[in-house]
Amino acid sequence: MWSTISKNFTKNKVLLGIACLIIFAYLLPYYILGEDTHIRVHDNMDSNIVWYKLLAESGQIFSLSDAMLPYAINGLPRSALSSPFDAMVWIYYLFEPMTAYTIGQTIMRFTAFFGMYLLLTYTFGKERANYRLISTGVSLCFALLPFWPSGMLSIAGLPLALYIFLTIREKGWNSSWYHWIALLCITFFSNFVLSFVFFLGLLGVVWIVDWIKLRESNWPFFTAIAGMTAIYLAKNYMLIHSMFFDAGFTSHRDALDLGHNSFGRTMELSLENFLYGHTHDLALQYKVIIPVIGLALLISGIRNAKAAKLLLSLFIFNMLLSIWYALWYWEGMRLIKDHFMIANTFNFSRIHFLDPMIWYICFAIALGIICKNIGWKIGKIIAVILIVYQCTIAFPLNEENKYSQFDTPTFQEFYAVNLFEEIENYIGKKQSAYRVVSIGMHPTIAQYNGFYTLDTYNNSFPLKYKKQFREIIAGELDKNPSLKNYFDTWGGRLYMYVAEHGEDYLFTKEKDGAIEDLQINVKALRNMGGEYIFSAVTIENYEELGLEFEKTFKTKTSAWKIWLYKVPDQSASEN
């Protein structure tokens, strides 16, 4: 594999060099701004970054049993967090969170670029020399996509993995040992349940079809598929154990009740996903890629029949993925989910994570068809224009540019370490000696700063605890049917919901969100150990609730103004 990169780089060093410089420019804000960088909050700062940090600091990275981590919900099961064999855990162990995040972004972008470049070079075969411009340009477009940061190589690494598997399928045991090492590395930087379980499953189907057609077994190809699957299963031993064996607790996922869309809404959702993608796997295909594919299919002639057939097949496959994604949330699927627990707890719609790779393979093939039909001289000019246009769509979506426009806090402002140090010092007790909850902001902020929280956001936790926590917020849920449905049917966010706020958890100090009539069960909160409320907004009826206002906290470098309320001991207040 590396020899292939070397040969192609020598022949194409100018184009590859320019592409690498553009990727580096894309990454530059992380290196220059550091913790002053604006980055994604949803499923990122509100969750994964803190999960990695706290696991790295927990002393429970390796755990043969499902140990309880005390920093959340009076004992969060260890299996709710990443595997000890997840490479990002160790990067967070070795570096500060923002540095680790920057390293992850860098690995993700360059792997996406070189992986797609190798895959397209392989796809174009003997004619690869004519397609260098297209291969490089499309690979750059792919590398600039707004990948979900915590997915790492779950999407960005798919092209590289596919290239390696296709090479092993073709060359067998003559494949370079580097291919096998690269597959191993991808395993530790990616998530099995997000994408690779589907990717490997489809490769397994390819192996079976080959076996039937050729009437012989491609054992190297089978070994690669089975070997990578086995490593993933070993890597995720705690997750596998909690899903299929005695986890020691009943997960809240067992009570999931998702998917009640009407058939009409299901068809709308399939079209939305096909055209615009999902927030975790945006491919930005709508403006350029889909029209280019359509044009290529229209003008493809007999001499491009093979390429057109492949293009149409991939295009239809992506369409089917979008339909399947939407069907997973159709009310008719409840019949299956209600009778088969695995269908209810595991999200089979996530096969749509394959979409971005397929769209960019289609983009490259379509550009090749256009160039062949109208002539390479004019065709390459058109290809450059289209690639540049696609890059101008993707590049501005770098996190610093995108999230600074939405008034999202920077990394430093969001976690507000200095502010929470003041609160810790004011309370004056060891953080493990009391429990807190947050209102108007994500509870992971308090967790990041060492506080032990009753509220949290995690992929799995005891259903029993969810029911206990619900008693605290029942009054607010009853005032907002949408929130009530959100919590009861999913409930991955154990938050101090406020009916007036809905699903808004970013009440920064510039935002007015005063709560006029908060209806929470203070007694239930205290019984679970809650002693303090960190509120990003003022609670106007705090006296009626029996809360004690302590002090407000605010710093220049923080996004928050915190009202600190104390939850009095119920037995003391009764006396």
# chains A, B, ... in the order shown; residues from 1 in each chain; ligands from 1
call {"tool": "closest_atom_pairs", "arguments": {"of": "range 122-218 of chain A", "to": "range 76-93 of chain A", "cutoff": "10 Å", "atoms": "only C-alpha atoms", "output": "JSON lines"}}
result
{"residue": "A:Ser150", "atom": "CA", "partner": "A:Met88", "partner_atom": "CA", "distance": 9.0}
{"residue": "A:Met152", "atom": "CA", "partner": "A:Met88", "partner_atom": "CA", "distance": 8.6}
{"residue": "A:Cys185", "atom": "CA", "partner": "A:Ala87", "partner_atom": "CA", "distance": 8.8}
{"residue": "A:Ile186", "atom": "CA", "partner": "A:Ala87", "partner_atom": "CA", "distance": 9.6}
{"residue": "A:Thr187", "atom": "CA", "partner": "A:Asp86", "partner_atom": "CA", "distance": 8.4}
{"residue": "A:Phe188", "atom": "CA", "partner": "A:Asp86", "partner_atom": "CA", "distance": 5.1}
{"residue": "A:Phe189", "atom": "CA", "partner": "A:Ala87", "partner_atom": "CA", "distance": 5.5}
{"residue": "A:Ser190", "atom": "CA", "partner": "A:Asp86", "partner_atom": "CA", "distance": 7.7}
{"residue": "A:Asn191", "atom": "CA", "partner": "A:Asp86", "partner_atom": "CA", "distance": 8.5}
call {"tool": "residues_around", "arguments": {"residues": "range 36-49 of chain A", "least_positions_apart": "2", "cutoff": "7 Å", "atoms": "only C-alpha atoms", "output": "MDAnalysis selection string"}}
result
chainID A and resid 29:30 33:34 51:53 149:150 399:400 403:404 408:412 442 444 457
call {"tool": "write_last_selection", "arguments": {"atoms": "N, CA and C atoms", "output": "PDB file, in the first residue's frame"}}
result
ATOM      1  N   PRO A  29      -7.097  26.357  12.274  1.00  0.00           N
ATOM      2  CA  PRO A  29      -7.681  26.980  13.477  1.00  0.00           C
ATOM      3  C   PRO A  29      -7.441  26.186  14.755  1.00  0.00           C
ATOM      4  N   TYR A  30      -7.459  24.851  14.661  1.00  0.00           N
ATOM      5  CA  TYR A  30      -7.213  24.035  15.860  1.00  0.00           C
ATOM      6  C   TYR A  30      -5.813  24.282  16.408  1.00  0.00           C
ATOM      7  N   LEU A  33      -5.635  28.467  17.377  1.00  0.00           N
ATOM      8  CA  LEU A  33      -6.530  28.957  18.419  1.00  0.00           C
ATOM      9  C   LEU A  33      -6.570  28.066  19.656  1.00  0.00           C
ATOM     10  N   GLY A  34      -6.291  26.800  19.490  1.00  0.00           N
ATOM     11  CA  GLY A  34      -6.333  25.888  20.634  1.00  0.00           C
ATOM     12  C   GLY A  34      -7.702  25.863  21.287  1.00  0.00           C
ATOM     13  N   TRP A  51     -16.614  12.116  27.906  1.00  0.00           N
ATOM     14  CA  TRP A  51     -16.530  10.678  28.150  1.00  0.00           C
ATOM     15  C   TRP A  51     -15.092  10.188  28.041  1.00  0.00           C
ATOM     16  N   TYR A  52     -14.396  10.627  26.989  1.00  0.00           N
ATOM     17  CA  TYR A  52     -12.991  10.234  26.820  1.00  0.00           C
ATOM     18  C   TYR A  52     -12.144  10.747  27.980  1.00  0.00           C
ATOM     19  N   LYS A  53     -12.338  12.013  28.330  1.00  0.00           N
ATOM     20  CA  LYS A  53     -11.536  12.627  29.389  1.00  0.00           C
ATOM     21  C   LYS A  53     -11.729  11.912  30.721  1.00  0.00           C
ATOM     22  N   PRO A 149     -17.085  14.453  14.558  1.00  0.00           N
ATOM     23  CA  PRO A 149     -15.736  14.353  15.134  1.00  0.00           C
ATOM     24  C   PRO A 149     -15.470  13.074  15.907  1.00  0.00           C
ATOM     25  N   SER A 150     -16.434  12.632  16.696  1.00  0.00           N
ATOM     26  CA  SER A 150     -16.205  11.466  17.544  1.00  0.00           C
ATOM     27  C   SER A 150     -16.297  10.154  16.790  1.00  0.00           C
ATOM     28  N   GLU A 399     -15.169  23.731  11.522  1.00  0.00           N
ATOM     29  CA  GLU A 399     -15.854  24.018  12.781  1.00  0.00           C
ATOM     30  C   GLU A 399     -15.701  25.458  13.246  1.00  0.00           C
ATOM     31  N   GLU A 400     -14.517  26.000  13.144  1.00  0.00           N
ATOM     32  CA  GLU A 400     -14.301  27.364  13.617  1.00  0.00           C
ATOM     33  C   GLU A 400     -15.196  28.354  12.876  1.00  0.00           C
ATOM     34  N   TYR A 403     -19.322  27.287  13.482  1.00  0.00           N
ATOM     35  CA  TYR A 403     -19.926  27.459  14.795  1.00  0.00           C
ATOM     36  C   TYR A 403     -19.709  28.848  15.390  1.00  0.00           C
ATOM     37  N   SER A 404     -18.719  29.574  14.892  1.00  0.00           N
ATOM     38  CA  SER A 404     -18.565  30.958  15.346  1.00  0.00           C
ATOM     39  C   SER A 404     -19.716  31.814  14.829  1.00  0.00           C
ATOM     40  N   THR A 408     -21.893  29.821  18.998  1.00  0.00           N
ATOM     41  CA  THR A 408     -21.555  28.679  19.836  1.00  0.00           C
ATOM     42  C   THR A 408     -20.323  29.028  20.670  1.00  0.00           C
ATOM     43  N   PRO A 409     -20.297  28.668  21.944  1.00  0.00           N
ATOM     44  CA  PRO A 409     -19.115  28.957  22.762  1.00  0.00           C
ATOM     45  C   PRO A 409     -17.875  28.236  22.236  1.00  0.00           C
ATOM     46  N   THR A 410     -16.723  28.813  22.483  1.00  0.00           N
ATOM     47  CA  THR A 410     -15.478  28.123  22.180  1.00  0.00           C
ATOM     48  C   THR A 410     -15.292  26.984  23.181  1.00  0.00           C
ATOM     49  N   PHE A 411     -14.309  26.162  22.943  1.00  0.00           N
ATOM     50  CA  PHE A 411     -13.993  25.065  23.862  1.00  0.00           C
ATOM     51  C   PHE A 411     -13.775  25.605  25.271  1.00  0.00           C
ATOM     52  N   GLN A 412     -12.972  26.651  25.386  1.00  0.00           N
ATOM     53  CA  GLN A 412     -12.662  27.222  26.696  1.00  0.00           C
ATOM     54  C   GLN A 412     -13.892  27.836  27.341  1.00  0.00           C
ATOM     55  N   HIS A 442     -25.594  21.777  29.562  1.00  0.00           N
ATOM     56  CA  HIS A 442     -25.337  20.346  29.557  1.00  0.00           C
ATOM     57  C   HIS A 442     -24.636  19.907  30.850  1.00  0.00           C
ATOM     58  N   THR A 444     -22.595  17.589  31.292  1.00  0.00           N
ATOM     59  CA  THR A 444     -21.208  17.184  31.074  1.00  0.00           C
ATOM     60  C   THR A 444     -20.229  18.320  31.375  1.00  0.00           C
ATOM     61  N   TYR A 457     -25.631  12.480  30.108  1.00  0.00           N
ATOM     62  CA  TYR A 457     -25.964  12.058  28.750  1.00  0.00           C
ATOM     63  C   TYR A 457     -25.042  10.890  28.435  1.00  0.00           C
TER      64      TYR A 457
END
call {"tool": "residues_around", "arguments": {"residues": "Asp455 in chain A", "least_positions_apart": "2", "cutoff": "8 Å", "atoms": "only C-alpha atoms", "output": "MDAnalysis selection string"}}
result
chainID A and resid 72:73 436:438 443 453 457 493:496
call {"tool": "select_by_dssp", "arguments": {"residues": "range 251-443 of chain A", "states": "strand (DSSP E)", "output": "number ranges by chain"}}
result
A: 435-439
call {"tool": "atom_distance", "arguments": {"atom1": "CA of Arg265 in chain A", "atom2": "CA of Met333 in chain A"}}
result
13.7 Å
call {"tool": "select_by_dssp", "arguments": {"residues": "range 275-517 of chain A", "states": "alpha helix (DSSP H)", "output": "JSON, numbers by chain"}}
result
{"A": [275, 276, 289, 290, 291, 292, 293, 294, 295, 296, 297, 298, 299, 305, 306, 307, 308, 309, 310, 311, 312, 313, 314, 315, 316, 317, 318, 319, 320, 321, 322, 323, 324, 325, 326, 327, 334, 335, 336, 337, 341, 342, 343, 344, 345, 355, 356, 357, 358, 359, 360, 361, 362, 363, 364, 365, 366, 367, 368, 369, 370, 371, 372, 373, 374, 376, 377, 378, 379, 380, 381, 382, 383, 384, 385, 386, 387, 388, 389, 390, 391, 392, 393, 394, 399, 400, 401, 402, 403, 404, 411, 412, 413, 414, 415, 417, 418, 419, 420, 421, 422, 423, 424, 425, 426, 427, 443, 444, 445, 446, 447, 448, 463, 464, 465, 466, 467, 468, 469, 470, 471, 472, 473, 474, 475, 476, 477, 478, 479, 481, 482, 483, 484, 485, 486, 487, 488, 489]}
call {"tool": "residues_around", "arguments": {"residues": "range 21-23 of chain A", "least_positions_apart": "5", "cutoff": "10 Å", "atoms": "only C-alpha atoms", "output": "list in words"}}
result
Leu15, Leu16, Leu28, Thr106, Arg109, Phe110, Phe113, Leu140, Cys141, Ala143, Leu144, Cys391 and Phe395 of chain A
call {"tool": "write_last_selection", "arguments": {"atoms": "C-alpha atoms", "output": "compact mmCIF listing (two decimals), in the first residue's frame"}}
result
# COMPACT_ATOMS: atom_id res chain seq x y z
CA LEU A 15 -1.75 18.03 -7.04
CA LEU A 16 -1.31 15.99 -3.88
CA LEU A 28 -5.16 25.43 11.03
CA THR A 106 -5.78 15.56 11.79
CA ARG A 109 -8.80 14.30 7.54
CA PHE A 110 -5.60 12.86 6.10
CA PHE A 113 -7.95 11.99 1.77
CA LEU A 140 -9.95 16.47 -1.26
CA CYS A 141 -13.69 17.18 -1.31
CA ALA A 143 -11.57 14.97 3.27
CA LEU A 144 -13.19 18.38 3.85
CA CYS A 391 -14.76 22.44 -2.07
CA PHE A 395 -14.44 24.28 3.34
call {"tool": "residues_around", "arguments": {"residues": "Ser558 in chain A", "least_positions_apart": "2", "cutoff": "8 Å", "atoms": "only C-alpha atoms", "output": "list of chain:residue names"}}
result
A:Gln412, A:Glu413, A:Phe414, A:Tyr415, A:Ala416, A:Asn418, A:Leu419, A:Lys554, A:Thr555, A:Lys556, A:Trp560, A:Lys561
call {"tool": "write_last_selection", "arguments": {"atoms": "N, CA, C and O atoms", "output": "CSV table (one decimal), in the first residue's frame"}}
result
chain,number,residue,atom,x,y,z
A,412,GLN,N,-13.0,26.7,25.4
A,412,GLN,CA,-12.7,27.2,26.7
A,412,GLN,C,-13.9,27.8,27.3
A,412,GLN,O,-14.1,27.6,28.5
A,413,GLU,N,-14.7,28.6,26.6
A,413,GLU,CA,-15.9,29.2,27.1
A,413,GLU,C,-16.9,28.2,27.5
A,413,GLU,O,-17.6,28.4,28.5
A,414,PHE,N,-17.0,27.1,26.8
A,414,PHE,CA,-18.0,26.1,27.1
A,414,PHE,C,-17.7,25.4,28.4
A,414,PHE,O,-18.6,25.2,29.2
A,415,TYR,N,-16.5,24.9,28.6
A,415,TYR,CA,-16.2,24.1,29.8
A,415,TYR,C,-15.9,25.0,31.0
A,415,TYR,O,-15.9,24.6,32.1
A,416,ALA,N,-15.5,26.3,30.7
A,416,ALA,CA,-15.4,27.3,31.8
A,416,ALA,C,-14.7,26.8,33.0
A,416,ALA,O,-15.3,26.9,34.1
A,418,ASN,N,-12.2,28.0,34.9
A,418,ASN,CA,-12.0,29.0,36.0
A,418,ASN,C,-13.3,29.3,36.7
A,418,ASN,O,-13.3,29.4,37.9
A,419,LEU,N,-14.4,29.4,36.0
A,419,LEU,CA,-15.7,29.6,36.6
A,419,LEU,C,-16.1,28.5,37.6
A,419,LEU,O,-16.5,28.8,38.7
A,554,LYS,N,-19.7,34.4,37.5
A,554,LYS,CA,-19.5,34.9,36.2
A,554,LYS,C,-18.1,35.3,35.9
A,554,LYS,O,-17.5,36.0,36.8
A,555,THR,N,-17.5,34.9,34.8
A,555,THR,CA,-16.2,35.3,34.5
A,555,THR,C,-16.2,35.7,33.0
A,555,THR,O,-17.0,35.4,32.2
A,556,LYS,N,-15.2,36.5,32.6
A,556,LYS,CA,-15.1,37.0,31.2
A,556,LYS,C,-14.8,35.9,30.2
A,556,LYS,O,-15.3,35.9,29.1
A,560,TRP,N,-21.0,31.2,30.6
A,560,TRP,CA,-22.1,31.1,31.5
A,560,TRP,C,-22.1,32.1,32.6
A,560,TRP,O,-21.1,32.6,33.1
A,561,LYS,N,-23.3,32.4,33.1
A,561,LYS,CA,-23.5,33.0,34.4
A,561,LYS,C,-24.3,32.0,35.2
A,561,LYS,O,-25.4,31.6,34.8
call {"tool": "residues_around", "arguments": {"residues": "Phe221 in chain A", "least_positions_apart": "2", "cutoff": "6 Å", "atoms": "only C-alpha atoms", "output": "JSON list (two decimals) with all heavy atoms, in the first residue's frame"}}
result
[["chain", "number", "residue", "atom", "x", "y", "z"],
["A", 168, "ILE", "N", -6.85, -7.07, -1.28],
["A", 168, "ILE", "CA", -6.68, -8.43, -0.76],
["A", 168, "ILE", "C", -7.55, -9.41, -1.56],
["A", 168, "ILE", "O", -7.12, -10.54, -1.85],
["A", 168, "ILE", "CB", -7.04, -8.48, 0.74],
["A", 168, "ILE", "CG1", -6.02, -7.67, 1.56],
["A", 168, "ILE", "CG2", -7.10, -9.93, 1.25],
["A", 168, "ILE", "CD1", -6.35, -7.53, 3.02],
["A", 169, "ARG", "N", -8.73, -8.98, -1.91],
["A", 169, "ARG", "CA", -9.62, -9.83, -2.72],
["A", 169, "ARG", "C", -8.98, -10.17, -4.07],
["A", 169, "ARG", "O", -9.09, -11.28, -4.57],
["A", 169, "ARG", "CB", -10.94, -9.10, -2.94],
["A", 169, "ARG", "CG", -11.97, -9.85, -3.81],
["A", 169, "ARG", "CD", -13.19, -8.99, -3.95],
["A", 169, "ARG", "NE", -14.21, -9.60, -4.77],
["A", 169, "ARG", "CZ", -14.85, -8.97, -5.75],
["A", 169, "ARG", "NH1", -14.55, -7.70, -6.04],
["A", 169, "ARG", "NH2", -15.78, -9.58, -6.45],
["A", 218, "ASN", "N", -12.05, -17.66, -1.64],
["A", 218, "ASN", "CA", -10.96, -16.69, -1.55],
["A", 218, "ASN", "C", -10.62, -16.54, -0.07],
["A", 218, "ASN", "O", -11.13, -15.66, 0.62],
["A", 218, "ASN", "CB", -11.41, -15.35, -2.16],
["A", 218, "ASN", "CG", -10.26, -14.36, -2.25],
["A", 218, "ASN", "OD1", -9.30, -14.42, -1.51],
["A", 218, "ASN", "ND2", -10.38, -13.43, -3.19],
["A", 219, "TRP", "N", -9.75, -17.43, 0.41],
["A", 219, "TRP", "CA", -9.47, -17.47, 1.84],
["A", 219, "TRP", "C", -8.76, -16.23, 2.39],
["A", 219, "TRP", "O", -9.02, -15.80, 3.52],
["A", 219, "TRP", "CB", -8.70, -18.74, 2.19],
["A", 219, "TRP", "CG", -9.55, -19.96, 2.04],
["A", 219, "TRP", "CD1", -9.39, -21.00, 1.18],
["A", 219, "TRP", "CD2", -10.75, -20.25, 2.78],
["A", 219, "TRP", "NE1", -10.39, -21.92, 1.31],
["A", 219, "TRP", "CE2", -11.25, -21.48, 2.30],
["A", 219, "TRP", "CE3", -11.46, -19.60, 3.79],
["A", 219, "TRP", "CZ2", -12.41, -22.07, 2.78],
["A", 219, "TRP", "CZ3", -12.61, -20.18, 4.28],
["A", 219, "TRP", "CH2", -13.08, -21.39, 3.78],
["A", 223, "THR", "N", -10.33, -14.27, 5.37],
["A", 223, "THR", "CA", -9.53, -14.07, 6.58],
["A", 223, "THR", "C", -9.51, -12.60, 7.00],
["A", 223, "THR", "O", -9.59, -12.28, 8.19],
["A", 223, "THR", "CB", -8.09, -14.56, 6.35],
["A", 223, "THR", "OG1", -8.11, -15.94, 6.00],
["A", 223, "THR", "CG2", -7.24, -14.36, 7.60],
["A", 224, "ALA", "N", -9.42, -11.72, 6.00],
["A", 224, "ALA", "CA", -9.41, -10.28, 6.30],
["A", 224, "ALA", "C", -10.74, -9.86, 6.91],
["A", 224, "ALA", "O", -10.78, -9.11, 7.91],
["A", 224, "ALA", "CB", -9.14, -9.49, 5.03]]
call {"tool": "residues_around", "arguments": {"residues": "Ser195 in chain A", "least_positions_apart": "5", "cutoff": "9 Å", "atoms": "only C-alpha atoms", "output": "NGL selection string"}}
result
:A and (154-155 or 158 or 190 or 200 or 350-354)
call {"tool": "write_last_selection", "arguments": {"atoms": "N, CA, C and O atoms", "output": "PDB file, in the first residue's frame"}}
result
ATOM      1  N   SER A 154     -14.740   5.971  11.522  1.00  0.00           N
ATOM      2  CA  SER A 154     -15.956   5.198  11.273  1.00  0.00           C
ATOM      3  C   SER A 154     -16.557   5.525   9.912  1.00  0.00           C
ATOM      4  O   SER A 154     -17.177   4.681   9.275  1.00  0.00           O
ATOM      5  N   ILE A 155     -16.394   6.765   9.460  1.00  0.00           N
ATOM      6  CA  ILE A 155     -16.805   7.173   8.115  1.00  0.00           C
ATOM      7  C   ILE A 155     -15.583   7.533   7.295  1.00  0.00           C
ATOM      8  O   ILE A 155     -15.419   7.067   6.170  1.00  0.00           O
ATOM      9  N   LEU A 158     -13.532   4.551   5.889  1.00  0.00           N
ATOM     10  CA  LEU A 158     -14.161   3.533   5.049  1.00  0.00           C
ATOM     11  C   LEU A 158     -13.514   3.385   3.673  1.00  0.00           C
ATOM     12  O   LEU A 158     -13.308   2.255   3.207  1.00  0.00           O
ATOM     13  N   SER A 190     -11.885   3.311  14.940  1.00  0.00           N
ATOM     14  CA  SER A 190     -13.243   3.383  14.396  1.00  0.00           C
ATOM     15  C   SER A 190     -14.212   2.645  15.301  1.00  0.00           C
ATOM     16  O   SER A 190     -13.811   1.942  16.232  1.00  0.00           O
ATOM     17  N   LEU A 200     -18.611  -4.619   7.025  1.00  0.00           N
ATOM     18  CA  LEU A 200     -18.079  -5.984   7.010  1.00  0.00           C
ATOM     19  C   LEU A 200     -19.153  -6.997   6.614  1.00  0.00           C
ATOM     20  O   LEU A 200     -18.861  -7.995   5.945  1.00  0.00           O
ATOM     21  N   ARG A 350     -28.318   2.654  10.934  1.00  0.00           N
ATOM     22  CA  ARG A 350     -27.020   3.325  10.823  1.00  0.00           C
ATOM     23  C   ARG A 350     -26.193   2.867   9.628  1.00  0.00           C
ATOM     24  O   ARG A 350     -25.092   3.371   9.415  1.00  0.00           O
ATOM     25  N   ILE A 351     -26.718   1.974   8.850  1.00  0.00           N
ATOM     26  CA  ILE A 351     -26.037   1.612   7.618  1.00  0.00           C
ATOM     27  C   ILE A 351     -25.894   2.823   6.707  1.00  0.00           C
ATOM     28  O   ILE A 351     -25.060   2.847   5.794  1.00  0.00           O
ATOM     29  N   HIS A 352     -26.698   3.868   6.985  1.00  0.00           N
ATOM     30  CA  HIS A 352     -26.578   5.094   6.183  1.00  0.00           C
ATOM     31  C   HIS A 352     -25.233   5.785   6.384  1.00  0.00           C
ATOM     32  O   HIS A 352     -24.884   6.705   5.633  1.00  0.00           O
ATOM     33  N   PHE A 353     -24.442   5.348   7.370  1.00  0.00           N
ATOM     34  CA  PHE A 353     -23.104   5.914   7.546  1.00  0.00           C
ATOM     35  C   PHE A 353     -22.192   5.592   6.350  1.00  0.00           C
ATOM     36  O   PHE A 353     -21.123   6.180   6.206  1.00  0.00           O
ATOM     37  N   LEU A 354     -22.615   4.667   5.495  1.00  0.00           N
ATOM     38  CA  LEU A 354     -21.853   4.356   4.289  1.00  0.00           C
ATOM     39  C   LEU A 354     -22.095   5.387   3.187  1.00  0.00           C
ATOM     40  O   LEU A 354     -21.369   5.418   2.187  1.00  0.00           O
TER      41      LEU A 354
END
call {"tool": "closest_residue", "arguments": {"among": "A:Met319, A:Ala56, A:Val193, A:Ile539", "to": "Leu275 in chain A", "atoms": "only C-alpha atoms"}}
result
A:Met319
call {"tool": "closest_residue", "arguments": {"among": "A:His241, A:Ile520, A:Leu118, A:Asp569", "to": "Leu545 in chain A", "atoms": "only C-alpha atoms"}}
result
A:Ile520
call {"tool": "atom_distance", "arguments": {"atom1": "CA of Phe534 in chain A", "atom2": "CA of Ala446 in chain A"}}
result
8.5 Å
